[in-house]
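Everything below belongs to entry.cif, which stores mmCIF, C-alpha atoms.
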```cif
data_run
loop_
_atom_site.label_atom_id
_atom_site.label_comp_id
_atom_site.auth_asym_id
_atom_site.auth_seq_id
_atom_site.Cartn_x
_atom_site.Cartn_y
_atom_site.Cartn_z
CA MET A 241 -46.70 55.74 83.41
CA LYS A 242 -47.56 52.08 83.82
CA LYS A 243 -48.63 50.24 80.73
CA LYS A 244 -52.29 49.24 80.86
CA VAL A 245 -53.73 46.13 79.34
CA ILE A 246 -56.98 47.12 77.70
CA LEU A 247 -59.64 44.86 76.26
CA LEU A 248 -62.53 46.04 74.10
CA VAL A 249 -65.57 43.93 74.80
CA ALA A 250 -68.72 43.98 72.68
CA LEU A 251 -72.23 42.86 73.51
CA PHE A 252 -71.85 39.49 71.82
CA PHE A 253 -68.59 38.68 73.63
CA ALA A 254 -68.26 36.91 76.99
CA LEU A 255 -69.06 40.00 79.01
CA ALA A 256 -72.38 40.54 77.26
CA PRO A 257 -74.42 40.73 80.50
CA LEU A 258 -72.53 43.83 81.56
CA SER A 259 -73.84 46.32 79.05
CA ALA A 260 -75.60 46.75 75.75
CA GLN A 261 -72.76 49.05 74.66
CA GLN A 262 -69.06 48.52 74.13
CA LYS A 263 -66.95 49.04 77.22
CA LYS A 264 -63.24 49.04 77.92
CA PHE A 265 -61.74 46.73 80.52
CA MET A 266 -58.33 46.23 82.00
CA VAL A 267 -57.51 42.52 82.11
CA HIS A 268 -54.97 40.63 84.19
CA THR A 269 -54.28 36.91 84.30
CA VAL A 270 -53.53 35.14 87.58
CA GLY A 271 -52.07 31.65 87.18
CA PHE A 272 -50.92 28.65 89.15
CA TYR A 273 -48.56 25.87 88.08
CA ASN A 274 -47.04 22.85 89.77
CA PHE A 275 -43.47 23.08 88.45
CA GLU A 276 -42.91 19.37 89.24
CA ASN A 277 -39.46 18.94 90.76
CA LEU A 278 -37.81 22.21 89.83
CA PHE A 279 -34.41 21.27 91.26
CA ASP A 280 -30.98 22.68 90.49
CA THR A 281 -27.90 20.46 90.12
CA ILE A 282 -26.27 21.50 93.41
CA ASN A 283 -26.30 19.25 96.47
CA GLY A 284 -28.23 21.24 99.05
CA PRO A 285 -29.23 20.67 102.69
CA ASN A 286 -32.52 19.07 101.64
CA LEU A 287 -32.97 15.51 100.43
CA ASP A 288 -32.16 16.29 96.80
CA GLU A 289 -29.76 13.45 95.98
CA GLU A 290 -32.10 12.07 93.33
CA TRP A 291 -31.83 15.38 91.44
CA LEU A 292 -28.06 15.56 91.06
CA PRO A 293 -25.90 14.71 88.03
CA ASP A 294 -24.98 11.36 89.62
CA GLY A 295 -28.45 10.80 91.08
CA ALA A 296 -31.30 8.58 89.97
CA GLN A 297 -32.60 11.24 87.57
CA ASN A 298 -29.14 11.96 86.10
CA TRP A 299 -30.10 15.61 86.54
CA THR A 300 -27.43 17.40 84.53
CA GLY A 301 -26.96 21.08 83.79
CA LYS A 302 -28.28 20.48 80.30
CA LYS A 303 -31.48 18.95 81.67
CA TYR A 304 -31.89 21.75 84.20
CA LYS A 305 -31.57 24.32 81.42
CA LYS A 306 -34.20 22.46 79.36
CA LYS A 307 -36.53 22.46 82.36
CA LEU A 308 -36.13 26.23 82.66
CA ASP A 309 -36.74 26.58 78.91
CA ASN A 310 -39.96 24.60 79.23
CA LEU A 311 -41.25 26.43 82.30
CA SER A 312 -40.43 29.79 80.72
CA ARG A 313 -42.54 28.93 77.70
CA VAL A 314 -45.50 27.81 79.79
CA LEU A 315 -45.46 30.80 82.12
CA SER A 316 -45.04 33.26 79.25
CA GLU A 317 -48.05 31.84 77.43
CA LEU A 318 -50.24 30.85 80.39
CA GLY A 319 -53.76 32.17 79.96
CA THR A 320 -52.96 34.08 76.78
CA SER A 321 -55.67 34.29 74.15
CA GLU A 322 -57.19 36.68 71.65
CA ALA A 323 -58.57 38.59 74.62
CA GLN A 324 -55.36 38.63 76.65
CA LYS A 325 -51.88 38.81 75.16
CA GLU A 326 -49.90 39.42 78.35
CA SER A 327 -48.36 36.76 80.61
CA PRO A 328 -49.86 36.48 84.12
CA VAL A 329 -49.46 39.36 86.51
CA LEU A 330 -49.31 36.85 89.39
CA ILE A 331 -48.08 33.25 89.23
CA GLY A 332 -48.32 30.85 92.15
CA GLY A 333 -45.99 27.88 91.96
CA CYS A 334 -45.09 24.75 93.89
CA GLU A 335 -42.49 21.95 93.90
CA ILE A 336 -39.70 24.54 93.93
CA GLU A 337 -36.38 23.58 95.54
CA ASN A 338 -35.16 27.03 96.58
CA ARG A 339 -35.04 30.70 95.72
CA GLY A 340 -32.07 30.12 93.44
CA VAL A 341 -34.06 28.15 90.88
CA LEU A 342 -36.64 30.95 90.82
CA GLU A 343 -33.90 33.51 90.24
CA ASP A 344 -32.71 31.39 87.31
CA LEU A 345 -36.27 31.19 86.01
CA VAL A 346 -37.10 34.91 86.11
CA LYS A 347 -33.73 35.72 84.51
CA HIS A 348 -34.34 33.25 81.68
CA PRO A 349 -34.38 35.01 78.26
CA GLY A 350 -38.05 34.11 77.85
CA MET A 351 -38.97 35.71 81.17
CA ALA A 352 -36.44 38.46 81.92
CA GLU A 353 -38.13 41.29 80.01
CA LYS A 354 -41.42 40.65 81.83
CA GLY A 355 -39.94 41.92 85.09
CA TYR A 356 -41.05 39.32 87.63
CA GLY A 357 -40.28 39.63 91.31
CA ILE A 358 -40.12 36.69 93.71
CA ILE A 359 -41.71 35.98 97.08
CA HIS A 360 -40.44 32.70 98.54
CA PHE A 361 -39.76 31.06 101.89
CA ASP A 362 -38.02 27.76 102.58
CA SER A 363 -40.62 25.34 103.89
CA PRO A 364 -40.02 22.53 106.42
CA ASP A 365 -40.68 19.93 103.72
CA LYS A 366 -37.69 17.56 103.92
CA ARG A 367 -37.34 17.27 100.16
CA GLY A 368 -37.08 21.03 100.06
CA ILE A 369 -40.05 21.63 97.78
CA ASP A 370 -41.66 24.98 98.47
CA VAL A 371 -44.40 27.30 97.25
CA ALA A 372 -43.73 30.77 95.88
CA LEU A 373 -45.34 33.74 94.16
CA LEU A 374 -43.97 35.47 91.07
CA TYR A 375 -45.34 38.94 90.41
CA LYS A 376 -44.91 41.59 87.72
CA LYS A 377 -43.20 44.45 89.49
CA LYS A 378 -44.73 47.08 87.19
CA HIS A 379 -48.25 46.07 88.24
CA PHE A 380 -48.03 44.52 91.73
CA GLN A 381 -46.51 46.09 94.83
CA PRO A 382 -46.15 43.67 97.78
CA LEU A 383 -47.08 45.23 101.12
CA SER A 384 -46.64 42.21 103.39
CA TYR A 385 -45.95 38.50 103.11
CA LYS A 386 -45.45 35.59 105.46
CA ASN A 387 -45.39 31.81 105.52
CA ILE A 388 -47.95 30.16 107.76
CA PRO A 389 -47.05 26.63 108.92
CA LEU A 390 -49.44 23.69 108.76
CA LEU A 391 -49.05 21.56 111.89
CA ILE A 392 -50.20 18.00 111.25
CA TYR A 393 -49.29 14.70 112.87
CA GLU A 394 -49.44 11.08 111.76
CA LYS A 395 -52.32 9.02 113.10
CA GLU A 396 -52.95 5.31 112.80
CA THR A 397 -56.08 5.30 110.67
CA GLY A 398 -55.96 1.92 108.97
CA LYS A 399 -54.30 0.17 106.08
CA LYS A 400 -53.06 1.85 102.96
CA ASP A 401 -54.74 1.30 99.66
CA LYS A 402 -52.76 0.46 96.53
CA LYS A 403 -52.69 4.06 95.31
CA GLY A 404 -51.41 5.15 98.70
CA GLU A 405 -48.53 2.69 98.51
CA ASP A 406 -47.55 4.19 95.16
CA GLU A 407 -47.56 7.70 96.65
CA ASP A 408 -45.95 6.87 99.99
CA LYS A 409 -42.49 8.23 99.32
CA GLU A 410 -43.10 11.89 100.03
CA GLU A 411 -44.67 11.72 103.47
CA ASN A 412 -42.38 8.91 104.66
CA VAL A 413 -39.55 11.34 104.01
CA ASN A 414 -41.35 14.16 105.82
CA LEU A 415 -42.44 12.18 108.87
CA ASP A 416 -40.57 12.87 112.12
CA LYS A 417 -40.66 9.43 113.73
CA THR A 418 -40.19 10.87 117.21
CA THR A 419 -42.81 13.62 117.24
CA LYS A 420 -44.96 12.06 114.47
CA ARG A 421 -45.17 15.50 112.85
CA ILE A 422 -45.49 15.48 109.06
CA TYR A 423 -43.35 18.35 107.78
CA THR A 424 -45.31 19.64 104.84
CA ARG A 425 -45.46 22.92 102.93
CA ASP A 426 -46.38 26.23 104.55
CA GLN A 427 -49.19 28.35 103.14
CA LEU A 428 -47.85 31.59 101.69
CA LEU A 429 -49.89 34.75 102.29
CA VAL A 430 -49.09 37.87 100.26
CA THR A 431 -50.92 41.19 100.45
CA GLY A 432 -50.18 43.84 97.86
CA LEU A 433 -51.47 46.49 95.50
CA LEU A 434 -52.52 45.38 92.03
CA ASP A 435 -52.38 48.59 90.01
CA GLY A 436 -53.10 50.42 93.24
CA GLU A 437 -55.87 48.17 94.57
CA GLU A 438 -55.34 45.82 97.52
CA VAL A 439 -55.41 42.11 96.71
CA ASN A 440 -54.55 39.17 99.00
CA VAL A 441 -53.05 35.96 97.60
CA ILE A 442 -52.61 32.59 99.32
CA VAL A 443 -50.39 30.00 97.62
CA ASN A 444 -50.90 26.36 98.63
CA HIS A 445 -49.48 22.89 98.17
CA TRP A 446 -51.51 20.67 100.45
CA PRO A 447 -50.33 17.29 101.82
CA SER A 448 -50.20 14.35 99.43
CA ARG A 449 -52.43 11.28 99.37
CA SER A 450 -49.68 9.14 100.85
CA GLY A 451 -51.19 6.03 102.43
CA GLY A 452 -54.35 6.44 100.38
CA GLU A 453 -56.99 9.11 99.92
CA LYS A 454 -59.07 8.11 102.94
CA LYS A 455 -56.21 7.72 105.40
CA SER A 456 -54.52 10.96 104.37
CA SER A 457 -57.70 13.03 104.05
CA PRO A 458 -57.44 14.46 107.62
CA ASN A 459 -54.13 16.10 106.63
CA ARG A 460 -55.72 17.95 103.73
CA GLU A 461 -58.77 18.76 105.83
CA ALA A 462 -56.39 20.39 108.30
CA ALA A 463 -54.90 22.33 105.37
CA GLY A 464 -58.39 23.44 104.39
CA ARG A 465 -59.09 24.63 107.92
CA LEU A 466 -55.86 26.60 107.98
CA ASN A 467 -56.72 28.13 104.61
CA ARG A 468 -60.15 29.13 105.90
CA LYS A 469 -58.59 30.58 109.06
CA ILE A 470 -56.33 32.78 106.93
CA ILE A 471 -59.29 33.85 104.79
CA ASP A 472 -61.40 34.66 107.86
CA SER A 473 -58.54 36.69 109.36
CA LEU A 474 -58.45 38.81 106.19
CA TYR A 475 -62.22 39.21 106.22
CA ALA A 476 -62.06 40.26 109.89
CA ILE A 477 -59.79 43.15 108.91
CA ASN A 478 -61.84 44.01 105.82
CA PRO A 479 -65.21 42.39 104.98
CA ASN A 480 -64.64 43.52 101.38
CA ALA A 481 -61.23 41.87 101.11
CA LYS A 482 -60.29 40.61 97.66
CA ILE A 483 -58.70 37.21 98.25
CA ILE A 484 -57.32 34.67 95.78
CA SER A 485 -56.42 31.25 97.20
CA MET A 486 -54.68 28.95 94.73
CA GLY A 487 -52.61 25.83 94.64
CA ASP A 488 -52.19 22.12 94.16
CA LEU A 489 -54.58 20.93 96.83
CA ASN A 490 -54.17 17.18 96.21
CA ASP A 491 -57.96 17.15 96.53
CA GLY A 492 -60.78 18.10 94.23
CA SER A 493 -63.71 20.46 94.54
CA PHE A 494 -65.96 17.86 96.17
CA ASN A 495 -63.55 16.65 98.85
CA ASN A 496 -64.17 17.72 102.43
CA SER A 497 -61.02 19.82 102.54
CA VAL A 498 -62.40 22.17 99.89
CA LYS A 499 -66.16 21.78 100.17
CA VAL A 500 -66.49 21.67 103.97
CA GLU A 501 -63.35 23.09 105.58
CA VAL A 502 -62.83 26.00 103.17
CA GLY A 503 -66.56 26.14 102.49
CA ALA A 504 -66.05 26.91 98.80
CA LYS A 505 -69.16 27.10 96.62
CA GLY A 506 -69.29 26.07 92.98
CA ARG A 507 -72.12 28.43 92.01
CA LYS A 508 -71.93 32.19 92.36
CA GLU A 509 -75.51 32.43 93.57
CA ASP A 510 -74.64 30.22 96.55
CA VAL A 511 -71.80 32.46 97.74
CA LYS A 512 -72.80 34.61 100.70
CA PRO A 513 -70.94 37.62 102.13
CA LEU A 514 -67.60 36.46 103.60
CA GLY A 515 -67.84 33.39 101.38
CA ILE A 516 -65.57 31.77 98.79
CA TYR A 517 -66.28 30.90 95.15
CA ASN A 518 -64.62 27.93 93.43
CA PRO A 519 -64.92 28.25 89.62
CA MET A 520 -63.04 24.97 89.15
CA GLN A 521 -66.00 22.95 90.44
CA LYS A 522 -67.96 23.41 87.22
CA MET A 523 -64.97 22.34 85.13
CA ALA A 524 -64.54 19.24 87.30
CA GLU A 525 -68.22 18.41 86.77
CA GLU A 526 -67.58 18.61 83.03
CA GLY A 527 -64.72 16.11 83.26
CA ILE A 528 -61.90 18.62 82.81
CA GLY A 529 -58.76 17.76 84.77
CA THR A 530 -55.24 18.94 85.48
CA LEU A 531 -53.64 15.56 86.19
CA ALA A 532 -54.31 11.92 85.42
CA TYR A 533 -53.72 8.69 87.34
CA ARG A 534 -54.51 5.28 85.88
CA ASP A 535 -56.60 6.94 83.16
CA ALA A 536 -58.74 8.83 85.69
CA TRP A 537 -58.60 12.63 85.59
CA ASP A 538 -58.66 14.92 88.63
CA LEU A 539 -58.69 18.69 88.97
CA PHE A 540 -56.48 19.28 92.02
CA ASP A 541 -55.08 22.63 90.85
CA ILE A 542 -57.67 25.08 92.09
CA ILE A 543 -58.04 28.86 92.22
CA MET A 544 -60.74 30.18 94.55
CA VAL A 545 -61.82 33.80 95.05
CA SER A 546 -63.59 35.71 97.80
CA GLU A 547 -67.14 37.01 97.47
CA PRO A 548 -66.17 40.65 96.76
CA LEU A 549 -64.42 39.47 93.57
CA ILE A 550 -67.67 38.13 92.08
CA ARG A 551 -69.84 41.19 92.60
CA ASN A 552 -71.41 42.86 89.56
CA ASP A 553 -69.82 46.27 90.01
CA TYR A 554 -66.77 46.34 87.69
CA SER A 555 -65.38 49.65 88.96
CA SER A 556 -62.67 47.65 90.74
CA TRP A 557 -61.04 44.26 90.17
CA ARG A 558 -63.49 41.40 89.64
CA TYR A 559 -63.23 37.76 88.69
CA TRP A 560 -64.18 37.12 85.04
CA LYS A 561 -63.54 33.49 84.17
CA ALA A 562 -61.21 30.53 84.76
CA GLY A 563 -59.49 27.91 82.65
CA VAL A 564 -57.12 24.95 82.48
CA TYR A 565 -54.15 25.60 80.20
CA ASN A 566 -53.84 22.28 78.36
CA LYS A 567 -52.38 23.32 75.01
CA PRO A 568 -51.17 20.51 72.69
CA PHE A 569 -47.47 21.15 73.41
CA LEU A 570 -48.14 20.26 77.07
CA VAL A 571 -49.65 16.86 76.22
CA GLN A 572 -47.94 13.48 75.86
CA LYS A 573 -48.41 12.42 72.22
CA THR A 574 -47.56 8.70 72.29
CA GLY A 575 -47.16 5.65 74.47
CA GLN A 576 -48.88 4.40 77.58
CA TYR A 577 -49.52 7.90 78.87
CA LYS A 578 -50.80 9.43 75.66
CA GLY A 579 -53.04 12.37 76.48
CA TYR A 580 -51.51 12.90 79.93
CA PRO A 581 -49.53 16.02 80.89
CA LEU A 582 -46.04 15.78 79.36
CA ARG A 583 -43.71 15.18 82.31
CA ASN A 584 -40.14 13.89 82.60
CA SER A 585 -39.91 10.32 81.30
CA ASN A 586 -37.33 7.97 79.82
CA GLY A 587 -34.59 10.46 80.62
CA GLU A 588 -36.27 13.23 78.61
CA VAL A 589 -37.18 16.54 80.23
CA GLY A 590 -40.86 17.41 80.09
CA PHE A 591 -43.00 20.14 81.57
CA SER A 592 -45.02 18.87 84.54
CA ASP A 593 -47.40 16.10 85.56
CA HIS A 594 -50.01 18.85 86.04
CA PHE A 595 -51.59 21.31 83.64
CA PRO A 596 -51.53 24.92 84.87
CA VAL A 597 -54.70 26.84 85.70
CA TYR A 598 -55.61 30.50 85.51
CA ILE A 599 -58.28 33.11 86.11
CA TYR A 600 -58.88 36.52 84.54
CA LEU A 601 -59.43 39.61 86.63
CA ILE A 602 -61.11 42.58 84.95
CA LYS A 603 -61.87 46.19 85.77
CA GLU A 604 -63.82 48.72 83.73
CA VAL A 605 -61.89 51.67 82.38
CA LYS A 606 -63.92 54.88 82.41
#
```

C-alpha cells encoding of this file:
Amino acid sequence: MKKKVILLVALFFALAPLSAQQKKFMVHTVGFYNFENLFDTINGPNLDEEWLPDGAQNWTGKKYKKKLDNLSRVLSELGTSEAQKESPVLIGGCEIENRGVLEDLVKHPGMAEKGYGIIHFDSPDKRGIDVALLYKKKHFQPLSYKNIPLLIYEKETGKKDKKGEDEDKEENVNLDKTTKRIYTRDQLLVTGLLDGEEVNVIVNHWPSRSGGEKKSSPNREAAGRLNRKIIDSLYAINPNAKIISMGDLNDGSFNNSVKVEVGAKGRKEDVKPLGIYNPMQKMAEEGIGTLAYRDAWDLFDIIMVSEPLIRNDYSSWRYWKAGVYNKPFLVQKTGQYKGYPLRNSNGEVGFSDHFPVYIYLIKEVK
C-alpha cells in the first residue's frame, strides 16, 4: 500500500476558509529548479568544452560530485516545512546536459531512497542544456510524454542593449547562420496519474534575453504561444484538465509572453474556465525574486496552474499555495554579490544562480 502524506489542518491554520472543523489532507509538493550548468566531465557531442577538466571552468570529477551533493540537498529539502516533510513528488529542472547527469543525481545517496524516475529528451540546444522531469515512482505513474519543439528564427529588430551584450553567448551558439533558426529548448509535456488522478505537467526553459529584453522578447512570446497551444490542446480533450506549467521563463509575470500569450492571471477571481492562474505574480508584486542582476531582482521561475486546480472542492487535487525556496544556505554571504543566489564563483562550486520555486497540492482525505 502506498504511503500517504497526511496533514492535519485546524481552523486557525492556512486552510481556515475550508471548514470550521479539523480536516485531513494529503499534501504533495511540486517544484522547479534551474540546475545551472549541470554538466558531467565527459566530452560529449554538444558544445561542452568549457565544462571539462581542462576547460575554462576546470570542471573536475571532484567539482562534479560537489555539484551533485549540492543539488541533492536542495531537491531533498525543497518546499519542506512543518506542514510538509516530504521532498517534492514532481521536480521540473533545466540546464541539464544529458540523461546521464540525471541518473547520477537520482542515484546520489541523498536522493536514492526517494525513488525518483526520470523523463528527459535531448533538446536541439547546441550547448546541450535540456529540461527534464523527476517524479516519485511510488506516487506518479507516467502515461505519456513528448518533447514539443519551439521553432523561432532570428530577426533584425535593432541594436542590442548593454544587458543583451552580456547575455549574448547562448543564442549566438544556438543560431544557425544559414536558416536563421535559433535552436532552443523544447517544451516537455508529461501526462500521468498522481496517486491515481490524472495530472498534466509542462516543463519549460524559454529563450534567453540575448541581444536585450526588447529585441529578444518575440522569442519568448513565441514560447508563450506554444505553451498556450499545449494547454488549449489539453483543455480540448478535457475541459477539467489539471495542468501545471513550470519553468525558467526568462520573463516575469507582467511580460507579454506570460500575461498576454499564455493569458495567465495573477488573481484567482480573474481566472475563467479554461484559464490559467499564476500565483507567482503576487510574489513578484511584493518584490520577491528568484534571480538578481545588477542588484535588481526578477522572478523568472514560474509555476502556473489550470483553472480546475483552483476550485473550492478539495475532493481531488487542488492548488494550495506557492513559494520561493531561498533558505540561508542558498544565499551568497559575502562580497559583491552578497544576498544573491549562491552560484559557482572563484573556482568554488555553488548551487545555482536561481532560487527554486514550489507549489503545494492538497486533497481532502475522507

Counting all atoms listed in the file, what is within 10 Å of region 491-497 of chain A, bar same-chain residues fewer than 5 positions away, as an NGL selection string? :A and (446-449 or 453 or 457-465 or 467-468 or 502-506 or 518-525 or 529 or 538-542)

With distances taken over all atoms listed in the file, which residue among A:Pro568, A:Gly271, A:Gly452, A:Gly515 lies nearest Gly333 (chain A)?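 For Gly333 (chain A), the nearest of the given residues is A:Gly271.
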
Which of these residues is nearest to Val564 (chain A), using all atoms listed in the file: A:Gly590, A:Pro596, A:Pro548, A:Pro513?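 Once distances to Val564 (chain A) are computed over all atoms listed in the file, the minimum belongs to A:Pro596.
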
Might you spell out which residues the PyMOL selection byres ((chain A and resi 559) around 8) would select in the displayed file, as a list in words?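 Selection result, ordered by chain and number: Val545, Leu549, Ile550, Trp557, Arg558, Trp560, Lys561, Ile599, Tyr600, Leu601 and Ile602 of chain A.
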
Quick one, how far is CA of Tyr273 (chain A) from CA of His594 (chain A)?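 CA of His594 (chain A) lies at a distance of 7.5 Å from CA of Tyr273 (chain A).
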
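Running the PyMOL selection byres ((chain A and resi 285-294) around 10) on this file leaves Asn277, Leu278, Phe279, Asp280, Thr281, Ile282, Asn283, Gly284, Gly295, Ala296, Gln297, Asn298, Trp299, Thr300, Gly301, Lys302, Lys303, Tyr304, Glu337, Asn338, Pro364, Asp365, Lys366, Arg367, Gly368, Ile369 and Val413 of chain A selected.
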
Could you give me, as a ChimeraX atom specification, the residues within 12 Å of Phe361 (chain A), counting all atoms listed in the file and dropping anything in the same chain fewer than 3 positions from it? /A:334,336-340,342,358,364-365,368-373,385-389,425-430,443

What would the selection look like, as a PDB file with C-alpha atoms, in the coordinates of the input, if the PyMOL selection byres ((chain A and resi 316) around 10) were run on the coordinates I just shared?
```pdb
ATOM      1  CA  LEU A 311     -41.250  26.430  82.300  1.00  0.00           C
ATOM      2  CA  SER A 312     -40.430  29.790  80.720  1.00  0.00           C
ATOM      3  CA  ARG A 313     -42.540  28.930  77.700  1.00  0.00           C
ATOM      4  CA  VAL A 314     -45.500  27.810  79.790  1.00  0.00           C
ATOM      5  CA  LEU A 315     -45.460  30.800  82.120  1.00  0.00           C
ATOM      6  CA  GLU A 317     -48.050  31.840  77.430  1.00  0.00           C
ATOM      7  CA  LEU A 318     -50.240  30.850  80.390  1.00  0.00           C
ATOM      8  CA  GLY A 319     -53.760  32.170  79.960  1.00  0.00           C
ATOM      9  CA  THR A 320     -52.960  34.080  76.780  1.00  0.00           C
ATOM     10  CA  LYS A 325     -51.880  38.810  75.160  1.00  0.00           C
ATOM     11  CA  GLU A 326     -49.900  39.420  78.350  1.00  0.00           C
ATOM     12  CA  SER A 327     -48.360  36.760  80.610  1.00  0.00           C
ATOM     13  CA  PRO A 328     -49.860  36.480  84.120  1.00  0.00           C
ATOM     14  CA  GLY A 350     -38.050  34.110  77.850  1.00  0.00           C
ATOM     15  CA  MET A 351     -38.970  35.710  81.170  1.00  0.00           C
ATOM     16  CA  LYS A 354     -41.420  40.650  81.830  1.00  0.00           C
TER      17      LYS A 354
END
```

Just how far from CA of Ile359 (chain A) is CA of Asn412 (chain A), in Å to one decimal? 28.1 Å

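Each of A:Glu438, A:Arg507, A:Ile543, A:Asp535 was checked against Ala562 (chain A) using all atoms listed in the file; the smallest atom-to-atom distance is that of A:Ile543.
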
Which residue out of A:Lys508, A:Lys469, A:His445, A:Lys417 has the minimum interatomic distance to Glu547 (chain A) when all atoms listed in the file are used?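 Residue with the minimum atom-to-atom distance to Glu547 (chain A): A:Lys508.
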
Can you list, as JSON, numbers by chain, every protein, DNA or RNA residue that comes within 7 Å of Gly563 (chain A) when you count only C-alpha atoms, leaving out same-chain residues fewer than 2 positions away? {"A": [565, 597, 598, 599]}

Can you work out the spacing between CA of Phe275 (chain A) and CA of Glu501 (chain A) in Å, to one decimal?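 Interatomic distance here is 26.2 Å.
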
Can you work out which one of A:Thr530, A:Thr431, A:Thr424, A:Ser456 has the shortest atom-to-atom distance to Gln381 (chain A), counting all atoms listed in the file? A:Thr431

Could you check which of A:Asp553, A:Asp362, A:Asp488, A:Ala532 is closest to Leu582 (chain A), using all atoms listed in the file?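 Nearest candidate to Leu582 (chain A) out of A:Asp553, A:Asp362, A:Asp488, A:Ala532: A:Ala532.
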